[in-house]
Structures are given as C-alpha cells and as structure tokens.
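Read through the structure below, which is laid out as structure tokens, and then see the notes.
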Protein chains: 2
Amino acid sequence: MRQTLTETLKTDRSRLRRAHEKGAYDRDSLDAVLDAMPMCHIGYQIDGKPSVLPTLQWREGDHIYWHGSSASRALRAMEGADVCMTITLLDGYVLARSAFHHSVNHRSAMIFGRAEKVTDTDVKKAHLKTMVDMIFPGRWDSLRPMQDQEVKATTVLRMPITEGAAKLRSGPPVDDEDDYALPIWAGVVPVSLQVHAPEPDPANQPGLAMPDHLSRIRIG
Amino acid sequence: MRQTLTETLKTDRSRLRRAHEKGAYDRDSLDAVLDAMPMCHIGYQIDGKPSVLPTLQWREGDHIYWHGSSASRALRAMEGADVCMTITLLDGYVLARSAFHHSVNHRSAMIFGRAEKVTDTDVKKAHLKTMVDMIFPGRWDSLRPMQDQEVKATTVLRMPITEGAAKLRSGPPVDDEDDYALPIWAGVVPVSLQVHAPEPDPANQPGLAMPDHLSRIRIG
Ligand SMILES: Cc1cc2nc3c(=O)[nH]c(=O)nc-3n(C[C@H](O)[C@H](O)[C@H](O)COP(=O)(O)OP(=O)(O)OC[C@H]3O[C@@H](n4cnc5c(N)ncnc54)[C@H](O)[C@@H]3O)c2cc1C
Ligand SMILES: Cc1cc2nc3c(=O)[nH]c(=O)nc-3n(C[C@H](O)[C@H](O)[C@H](O)COP(=O)(O)OP(=O)(O)OC[C@H]3O[C@@H](n4cnc5c(N)ncnc54)[C@H](O)[C@@H]3O)c2cc1C
Ligand code: HEM
Ligand code: HEM
C-alpha cells in the first residue's frame, strides 16, 4: 500500500482535460491541499443516483479518513463503494478585461477510490483521537474521556490515496493579447477563510480561562 | 415549472435522516444558502462512478445555473443526467466538553435534479451576463464586449430547484447534561470567508483607478 511521494496519482480518469498546466499528480501537492482544509465533499450513489455529502476529512499517512453516525444513510451507502472526495480552497476572484477570462484562484484536490470501514475498535478510537488533535491541536487531553457507546455509535471510513489530482491557480488574470491595451481595471480580489476570536459557551463554569490550544486552530 | 416559495422540496430522498430539527425544505431557506455562496460541488457520474466537480453556481428564479467549456468532460457527462449540487458555508467550529459532541456551525444546501443545456444563443448570452453581474455587481458594463466565439465555446447548464434540503446549525455546543459541570472550556470558534483589498494586475494601464463596483463584491 505504501506509496512514495513522487509516485504519480495520474490515471486516465484523474488526468486533467483542460488547463493541463494547472494540474499536479504528486503526493506533496495533493497532501498540501488536504492538510489545509478539513472540509470536503464526497460523491457517492443513492439508488444509482449521485449524492454529495459535505463532511470533514483528515489524512493519516497514505489514507484519508472521515466519520459519522453508524446509522447514517450516507456512510452506509459509501462503505465498500466507489467514492470521489473533493477538497476545495477558494483563494480569490480573478477579474479580467473580458467576461470570458474571469476565473478564480484556488487550490483543489480530487481523490477517487473505494471506501472501507475501520472495524477494529482500538484502531477506530485512535483515529478519532487523531481527528480531534488534527483539527484542534492539543485539545484531546482537556476533554471528558471518550465512552465506549460513543465509539460504537460512530463509523470511521477511509480510502487509500492512490488516484487523483490537484489543481492550482494563483496570480493575475490571463487576458487576450489585444485586451491589455484597454483601460479596464483587472486584478485579483483575494478571499480567505478567517478564524475569529473564540466565543465561550454561556454555560461554561464561571471563571474558566480560555485554553492556550485555541490559538493553534488553523484553516486554509 | 413555477414553484411557490412555501412549497416543499422534501422527498424521500431529500429528507434528513439525522438531526431533523436542523433541516428546512422551503425555498426561502434554500435560496438564502445558494445566494450567499457561488462556490458549489456537483456530483455526477463518469463511467458509472461518482465524481465531484468544484464549480460556481448562480440562481435565477426557480433554476440554478453553472457554466464551463463546451468541451468539458464533466459538463458533457452532466447534460441530461441526474446530478446533485451541494453548497456549503462553514460558519464555525463547535467545541464541546466531550470529543463526541464537537461539531461545526454551517449553512448547507443540497439540490437534486436533471441537468439541461441552455441551447438558445441569446438566452445563453443573457445568463452569462447575469452570472457576471451577480458575482461582480456592476462589472459587466465596464468589460470588453463578449464575442460570439466565446459564447460558442461555452456551455451553460441548469436544473430546476424542485427537490432538496437546507441544513443549518448555529450557536454553542450541546453537551451531555452531566458534562456541563466539568471545568472544560466549550464554545464556538467562528470562521468566515473574508474578501480582501483588490490587487491590481501589474499589467493594468498606468493611472487606472480602482472602480467603485469592486467594493460591492460579497461572499458568505
Ligand atoms: C472554486 C472553483 C470554482 C470553479 N469554477 C468553475 C466554473 O465556473 N466553470 C468551470 O468550467 N470550471 C470551474 N472550475 C474548474 C473545474 O473544477 C474543472 O477543473 C474544470 O471544469 C475543468 O475540467 P476538465 O474538463 O479539465 O476536467 P474533467 O474532465 O472534469 O476532469 C478530469 C480530471 O481532472 C481532475 N480535475 C478536474 N478538475 C479538478 C479540480 N478542480 N481539482 C482537482 N482535480 C481536478 C480530476 O482528476 C478529474 O477526474 C472551478 C474550480 C474551483 C476550484
Ligand atoms: C461543513 C460540514 C461538515 C460536516 N461534517 C460532518 C462530519 O464530520 N460527520 C458527519 O457525520 N456529518 C458531518 N456533516 C453533516 C453531514 O453533511 C450530514 O448532514 C450528516 O452526515 C447527516 O446525514 P444524514 O444521515 O441525516 O442524512 P443522509 O441520509 O446522508 O441524507 C438525507 C438527505 O438529507 C439532506 N441532507 C443531508 N445532509 C445535508 C446537508 N449537510 N445539507 C443539506 N441537506 C442535507 C439531503 O437532502 C439528503 O439527501 C457536516 C456538514 C457540514 C456542512
Ligand atoms: C474534531 C472533532 C469533531 C468534529 C468537528 C465533529 C463534527 C461532526 C459533525 C459536523 C457532525 C454532523 C452533525 C449533524 O448531523 O448535525 C458529526 C456527527 C457525528 N459525530 Fe462527530 N465530530 C468530531 C468528533 C467526533 C468523535 C470523537 C466522535 C466519536 C467519539 C464523533 C461521533 C459522531 C457521530 C456518532 C455523529 C453522528 C451524529 C448523529 O447523526 O446522530 N464525532 N460530527
Ligand atoms: C463571473 C465571471 C466568471 C467567472 C468567475 C468564471 C470562472 C471560471 C472558472 C474558474 C473556470 C475554470 C478555469 C480552469 O479550468 O482553470 C472557467 C472556465 C470557463 N469559462 Fe468562465 N467564468 C466567468 C465568466 C465566463 C463567461 C462570461 C464566459 C463566456 C463568455 C465563460 C466561459 C468559460 C469557458 C469556455 C471556460 C472553459 C475554459 C477551458 O476549459 O478552456 N466564463 N470559468
């Protein structure tokens, strides 16, 4: 299963058709997108028709993981089935001199594969701990311990990172040669996800200090 | 085709299984999500297997639209086929006293339907103009006019908004009754997309002023 970071994720399915120059098929490029953004969209089928679930992913080595209710229709439909996970960061609007050449700056990744369920309870527990500490670094140790029935109620799915692509765009618009002479404002309007100041639960115990680990939350 | 805003988008497929109280099936709730976020993810099939395309959507009345190359494999596969469009806004991380009750605040929407191509050239042109002016209010009139071969190179797809759901979560965590007594910090870390100051293309004509319409760009 182990795949070196230089091995290619390119297949006929995952090869970019348009704008080839924006594609990358190496693990370093793909992992950079996955590790920047826990939010993802997973395509799967319900009664043979497409459905897209917004959920959270985390990467451990050569696999990508996600979780939810053991009773979830979506997770049950994905188990053992082909899925496509897409991760997208919108980095900016690209404003060109013609409507046609408008675009967006972005980092995106698509991974294709078959979802499998993590069946061993201790392994599942370890993955859930890793999820918490990846999205909220340092938080796990501060929490009320996880209970067996919580682990039981939870399904963790994973898929190997073996087929897919990253697509990246940055920088100013690319306009038609003649259009650069026009007095039309062109450029980029950057967009990014911002993490704001934590809002304590009004039900917190009085006098409770804000833990240091909150300042370690990163996204994007 | 005209659907009143109070009519329900609920079907057996689109009915939430878990967390029913977070679901909404009226057009007002759905439209509020669609109109806040042009980025979307569309599920479709390639050779019978799921694929998820990140792209941009805009709503006109009772239809949702998207565009791309007439030669795009994705758009060709979607035409006349069942698709699922998911729109997601991440509004914050929800930090609970137990790992189990962590969550995210969000607004999301899913729409199911069959994609159809806009075939009339004038109608297609009008939709492309609307897209530009919805994402960049006031920009269209400042641009180099759209050319016939650009319109020809472009496919516009649409789908009626008749089946789907919105799902909304906001506010502090919901913890187990007993856990509220624990001295564990809980709360929300808000997250939002920010629009930053425009960065002019270095190739702009010298002395070109920043147009007022740039300040009208909104997202989220
Ligand atoms: C935020 C955002 C908004 C976008 N808006 C639009 C839009 O409005 N119109 C439009 O035409 N395109 C848009 N795109 C680009 C779109 O996702 C496709 O890349 C594009 O349509 C070209 O598809 P294709 O025909 O080359 O590839 P396809 O034939 O669709 O795909 C071939 C393979 O290329 C890879 N691939 C394709 N796209 C991506 C991607 N984005 N990320 C990673 N791998 C990919 C996959 O492995 C895929 O299986 C947007 C992308 C992003 C991230
Ligand atoms: C940013 C984000 C992150 C999330 N992270 C997770 C996670 O890590 N784990 C997890 O279990 N869930 C997560 N969710 C929730 C997830 O999208 C599903 O809502 C959830 O898994 C419950 O699915 P279900 O079994 O009730 O519904 P399903 O049986 O999967 O769906 C039934 C129907 O309900 C509607 N529906 C379901 N989910 C949504 C939605 N999000 N928006 C609009 N309509 C919807 C659709 O019409 C769907 O066909 C996240 C949601 C968002 C927006
Ligand atoms: C980083 C920490 C976590 C985050 C951000 C997170 C996020 C989420 C989100 C957003 C949902 C969807 C809720 C909804 O449908 O409205 C969810 C569901 C769920 N999560 Fe987590 N989760 C985390 C940790 C855990 C852990 C550690 C467990 C198990 C011990 C767990 C078990 C579940 C289960 C069982 C559901 C389904 C709930 C239901 O449908 O009834 N989660 N999670
Ligand atoms: C709001 C304005 C617009 C935005 C933000 C926008 C955004 C995008 C994006 C992000 C892509 C993908 C580019 C890539 O694959 O790297 C794209 C492709 C495309 N757009 Fe647009 N677009 C806009 C307006 C238009 C208009 C008005 C037209 C037609 C006149 C058009 C025609 C096309 C075509 C043909 C492609 C495919 C390009 C290719 O694959 O070769 N776009 N657009």
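By convention here, the chains of the structure tokens are called A, B, ... in the order presented, each chain's residues are numbered starting at 1, and ligands are numbered starting at 1 in the order presented.
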
All strand (DSSP E or B) residues (DSSP, backbone) inside segment 20-151 of chain A, as number ranges by chain: A: 23-24, 26, 39-46, 49-56, 58-60, 63-69, 79, 82-95, 98, 103-117, 144

Neighbours of ligand 3 within 9 Å, counting only C-alpha atoms and all ligand atoms, as a VMD selection string? (chain A and resid 55 to 56 67 to 72 125 127 to 136 146 to 156) or (chain B and resid 16 to 20 22 93 to 96 98 to 106 167 to 169)

Residues as selected, N, CA and C atoms, written as a compact mmCIF listing (two decimals), in the first residue's frame, can you do that?
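Result saved to part-v4.txt:
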# COMPACT_ATOMS: atom_id res chain seq x y z
N THR A 55 -18.69 17.07 4.48
CA THR A 55 -18.24 16.48 5.74
C THR A 55 -16.80 16.91 6.03
N LEU A 56 -16.18 16.30 7.05
CA LEU A 56 -14.81 16.67 7.42
C LEU A 56 -13.89 15.49 7.15
N HIS A 67 -15.82 10.53 9.24
CA HIS A 67 -16.60 9.86 10.29
C HIS A 67 -18.04 10.35 10.32
N GLY A 68 -18.88 9.60 11.00
CA GLY A 68 -20.26 10.00 11.19
C GLY A 68 -21.01 8.92 11.96
N SER A 69 -22.32 9.02 11.91
CA SER A 69 -23.15 8.06 12.63
C SER A 69 -23.09 6.67 11.99
N SER A 70 -23.06 5.66 12.83
CA SER A 70 -23.14 4.28 12.32
C SER A 70 -24.46 4.06 11.60
N ALA A 71 -25.46 4.89 11.91
CA ALA A 71 -26.78 4.74 11.28
C ALA A 71 -26.95 5.64 10.06
N SER A 72 -25.93 6.41 9.70
CA SER A 72 -26.06 7.35 8.58
C SER A 72 -26.32 6.63 7.25
N LYS A 125 -10.75 4.08 17.76
CA LYS A 125 -10.53 5.07 18.84
C LYS A 125 -9.32 5.94 18.54
N HIS A 127 -7.99 6.65 15.70
CA HIS A 127 -8.26 7.58 14.58
C HIS A 127 -9.11 8.76 15.04
N LEU A 128 -10.10 8.50 15.90
CA LEU A 128 -10.96 9.60 16.37
C LEU A 128 -10.14 10.60 17.20
N LYS A 129 -9.23 10.08 18.02
CA LYS A 129 -8.32 10.97 18.77
C LYS A 129 -7.46 11.80 17.82
N THR A 130 -6.96 11.15 16.79
CA THR A 130 -6.12 11.88 15.82
C THR A 130 -6.93 12.97 15.13
N MET A 131 -8.18 12.65 14.74
CA MET A 131 -9.02 13.68 14.12
C MET A 131 -9.12 14.90 15.02
N VAL A 132 -9.47 14.69 16.28
CA VAL A 132 -9.65 15.81 17.19
C VAL A 132 -8.36 16.63 17.28
N ASP A 133 -7.22 15.95 17.46
CA ASP A 133 -5.97 16.69 17.63
C ASP A 133 -5.42 17.28 16.33
N MET A 134 -5.93 16.83 15.19
CA MET A 134 -5.51 17.47 13.94
C MET A 134 -6.31 18.76 13.71
N ILE A 135 -7.61 18.71 13.97
CA ILE A 135 -8.44 19.89 13.73
C ILE A 135 -8.29 20.89 14.88
N PHE A 136 -8.13 20.35 16.11
CA PHE A 136 -7.97 21.21 17.30
C PHE A 136 -6.70 20.80 18.05
N MET A 146 -13.55 9.73 26.09
CA MET A 146 -14.49 9.14 25.13
C MET A 146 -15.10 7.87 25.73
N GLN A 147 -16.38 7.64 25.51
CA GLN A 147 -17.05 6.47 26.09
C GLN A 147 -17.27 5.38 25.03
N ASP A 148 -17.32 4.15 25.53
CA ASP A 148 -17.46 3.02 24.60
C ASP A 148 -18.69 3.13 23.71
N GLN A 149 -19.80 3.57 24.30
CA GLN A 149 -21.02 3.63 23.46
C GLN A 149 -20.92 4.76 22.43
N GLU A 150 -20.10 5.75 22.68
CA GLU A 150 -19.88 6.80 21.68
C GLU A 150 -19.09 6.25 20.48
N VAL A 151 -18.10 5.44 20.81
CA VAL A 151 -17.28 4.83 19.75
C VAL A 151 -18.14 3.87 18.92
N LYS A 152 -19.02 3.16 19.61
CA LYS A 152 -19.90 2.21 18.95
C LYS A 152 -20.88 2.91 18.00
N ALA A 153 -21.33 4.08 18.40
CA ALA A 153 -22.30 4.83 17.59
C ALA A 153 -21.66 5.48 16.37
N THR A 154 -20.33 5.35 16.27
CA THR A 154 -19.59 6.09 15.25
C THR A 154 -18.99 5.17 14.20
N THR A 155 -19.13 5.55 12.95
CA THR A 155 -18.44 4.85 11.87
C THR A 155 -17.28 5.72 11.37
N VAL A 156 -16.12 5.11 11.21
CA VAL A 156 -14.98 5.78 10.58
C VAL A 156 -14.72 5.08 9.25
N LEU B 16 -33.92 14.71 5.68
CA LEU B 16 -32.83 14.44 6.61
C LEU B 16 -33.14 13.23 7.48
N ARG B 17 -32.15 12.36 7.62
CA ARG B 17 -32.32 11.18 8.48
C ARG B 17 -31.96 11.50 9.91
N ARG B 18 -30.88 12.21 10.13
CA ARG B 18 -30.35 12.53 11.45
C ARG B 18 -30.60 14.03 11.68
N ALA B 19 -30.68 14.43 12.93
CA ALA B 19 -30.76 15.85 13.27
C ALA B 19 -31.85 16.57 12.47
N HIS B 20 -33.06 15.99 12.46
CA HIS B 20 -34.19 16.55 11.70
C HIS B 20 -34.41 18.02 11.97
N LYS B 22 -32.56 20.38 12.27
CA LYS B 22 -31.71 21.31 11.52
C LYS B 22 -32.12 21.45 10.06
N TYR B 93 -16.30 26.40 14.15
CA TYR B 93 -16.06 25.13 14.83
C TYR B 93 -16.79 25.16 16.16
N VAL B 94 -17.41 24.06 16.52
CA VAL B 94 -18.16 23.97 17.76
C VAL B 94 -17.39 23.04 18.70
N LEU B 95 -16.87 23.59 19.79
CA LEU B 95 -16.01 22.84 20.71
C LEU B 95 -16.80 22.47 21.95
N ALA B 96 -16.98 21.17 22.14
CA ALA B 96 -17.78 20.67 23.25
C ALA B 96 -16.88 20.16 24.37
N SER B 98 -16.97 17.04 25.48
CA SER B 98 -16.57 15.69 25.06
C SER B 98 -16.17 15.75 23.60
N ALA B 99 -15.27 14.88 23.18
CA ALA B 99 -14.88 14.81 21.77
C ALA B 99 -16.12 14.55 20.91
N PHE B 100 -16.96 13.66 21.39
CA PHE B 100 -18.15 13.20 20.68
C PHE B 100 -19.08 14.33 20.23
N HIS B 101 -19.22 15.37 21.06
CA HIS B 101 -20.19 16.42 20.74
C HIS B 101 -19.60 17.61 19.98
N HIS B 102 -18.35 17.48 19.55
CA HIS B 102 -17.80 18.53 18.69
C HIS B 102 -18.60 18.57 17.38
N SER B 103 -18.69 19.74 16.79
CA SER B 103 -19.46 19.86 15.56
C SER B 103 -18.99 21.08 14.77
N VAL B 104 -19.73 21.43 13.75
CA VAL B 104 -19.44 22.68 13.04
C VAL B 104 -20.75 23.46 12.86
N ASN B 105 -20.65 24.78 12.97
CA ASN B 105 -21.78 25.62 12.58
C ASN B 105 -21.71 25.80 11.07
N HIS B 106 -22.86 25.74 10.41
CA HIS B 106 -22.83 25.76 8.97
C HIS B 106 -24.20 26.09 8.40
N LYS B 167 -29.69 22.63 5.46
CA LYS B 167 -29.40 22.19 6.82
C LYS B 167 -28.61 23.30 7.49
N LEU B 168 -29.02 23.67 8.69
CA LEU B 168 -28.45 24.84 9.34
C LEU B 168 -28.12 24.52 10.79
N ARG B 169 -26.93 24.91 11.22
CA ARG B 169 -26.58 24.82 12.63
C ARG B 169 -25.90 26.11 13.06

I'd like the contact shell of His213 of chain B - 12 Å cut-off, only C-alpha atoms, skipping same-chain residues fewer than 4 positions apart - returned as a count of residues only. 17

From the set B:Ser14, B:Ser215, B:Thr8, B:Ser29, which residue has the shortest atom-to-atom contact distance to Arg73 of chain A, counting only C-alpha atoms?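 Result for the nearest residue to Arg73 of chain A: B:Ser14.
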
Enumerate, in order of chain and increasing residue number, the residues of chain B with an atom no farther than 6 Å from chain A, each with its shortest atom pair and distance in Å to one decimal, counting only C-alpha atoms, as a tab-separated table.
residue	atom	partner	partner_atom	distance
B:Gly43	CA	A:Pro50	CA	5.5
B:Tyr44	CA	A:Pro50	CA	5.5
B:Pro50	CA	A:Gly43	CA	5.5
B:Ser51	CA	A:Cys84	CA	5.3
B:Val52	CA	A:Gly43	CA	5.7
B:Val83	CA	A:Pro50	CA	5.7
B:Cys84	CA	A:Ser51	CA	5.3
B:Arg97	CA	A:Leu143	CA	5.7
B:Ser98	CA	A:Arg144	CA	5.0
B:Leu143	CA	A:Ser98	CA	5.4
B:Arg144	CA	A:Ser98	CA	5.0
B:Pro172	CA	A:Asp201	CA	5.6
B:Pro183	CA	A:Gln205	CA	5.9
B:Ala186	CA	A:Asp201	CA	5.5
B:Gly187	CA	A:Asp201	CA	4.2
B:Val188	CA	A:Glu199	CA	5.2
B:Val189	CA	A:Pro198	CA	4.4
B:Pro190	CA	A:His196	CA	5.2
B:Val191	CA	A:Val195	CA	4.7
B:Ser192	CA	A:Leu193	CA	5.4
B:Leu193	CA	A:Leu193	CA	4.3
B:Gln194	CA	A:Ser192	CA	5.4
B:Val195	CA	A:Val191	CA	4.6
B:His196	CA	A:Pro190	CA	5.3
B:Pro198	CA	A:Val189	CA	4.4
B:Glu199	CA	A:Val188	CA	5.1
B:Pro200	CA	A:Gly187	CA	4.3
B:Asp201	CA	A:Gly187	CA	4.2
B:Gln205	CA	A:Pro183	CA	5.9

Counting only C-alpha atoms and all ligand atoms, which residue out of B:Ala77, B:Ala126, B:Tyr25, B:Arg158 sits closest to ligand 4?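 Result for the nearest residue to ligand 4: B:Ala126.
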
Across A:Thr11, A:Thr162, A:Asp28, A:Leu157, the smallest distance to ligand 2, with only C-alpha atoms and all ligand atoms counted, is shown by A:Leu157

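Atom CA of Asp178 of chain A is positioned 21.4 Å from atom 12 (C, counted along the ligand's line) of ligand 4.
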
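Between ligand 1 and the candidates A:Asp35, A:Glu163, A:Asp212, A:Asp175, the tightest atom-to-atom separation, counting only C-alpha atoms and all ligand atoms, involves A:Glu163.
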
Atomic separation - atom CA of Ala24 of chain B relative to atom 27 (O, counted along the ligand's line) of ligand 2, Å: 12.9 Å

Counting only C-alpha atoms and all ligand atoms, the option among B:Asp31, B:Asp120, B:Arg107, B:Ala115 closest to ligand 2: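 Of B:Asp31, B:Asp120, B:Arg107, B:Ala115, the one nearest ligand 2, counting only C-alpha atoms and all ligand atoms, is B:Arg107.
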
With a distance cut-off of 6 Å and only C-alpha atoms, select the neighbouring residues of Gln57 of chain A, excluding the residue or stretch itself and same-chain residues fewer than 4 positions from it, and output the selection as a ChimeraX atom specification. /A:38,65-66

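Straight-line separation from atom 45 (C, counted along the ligand's line) of ligand 2 to atom CA of Ser170 of chain B: 15.3 Å.
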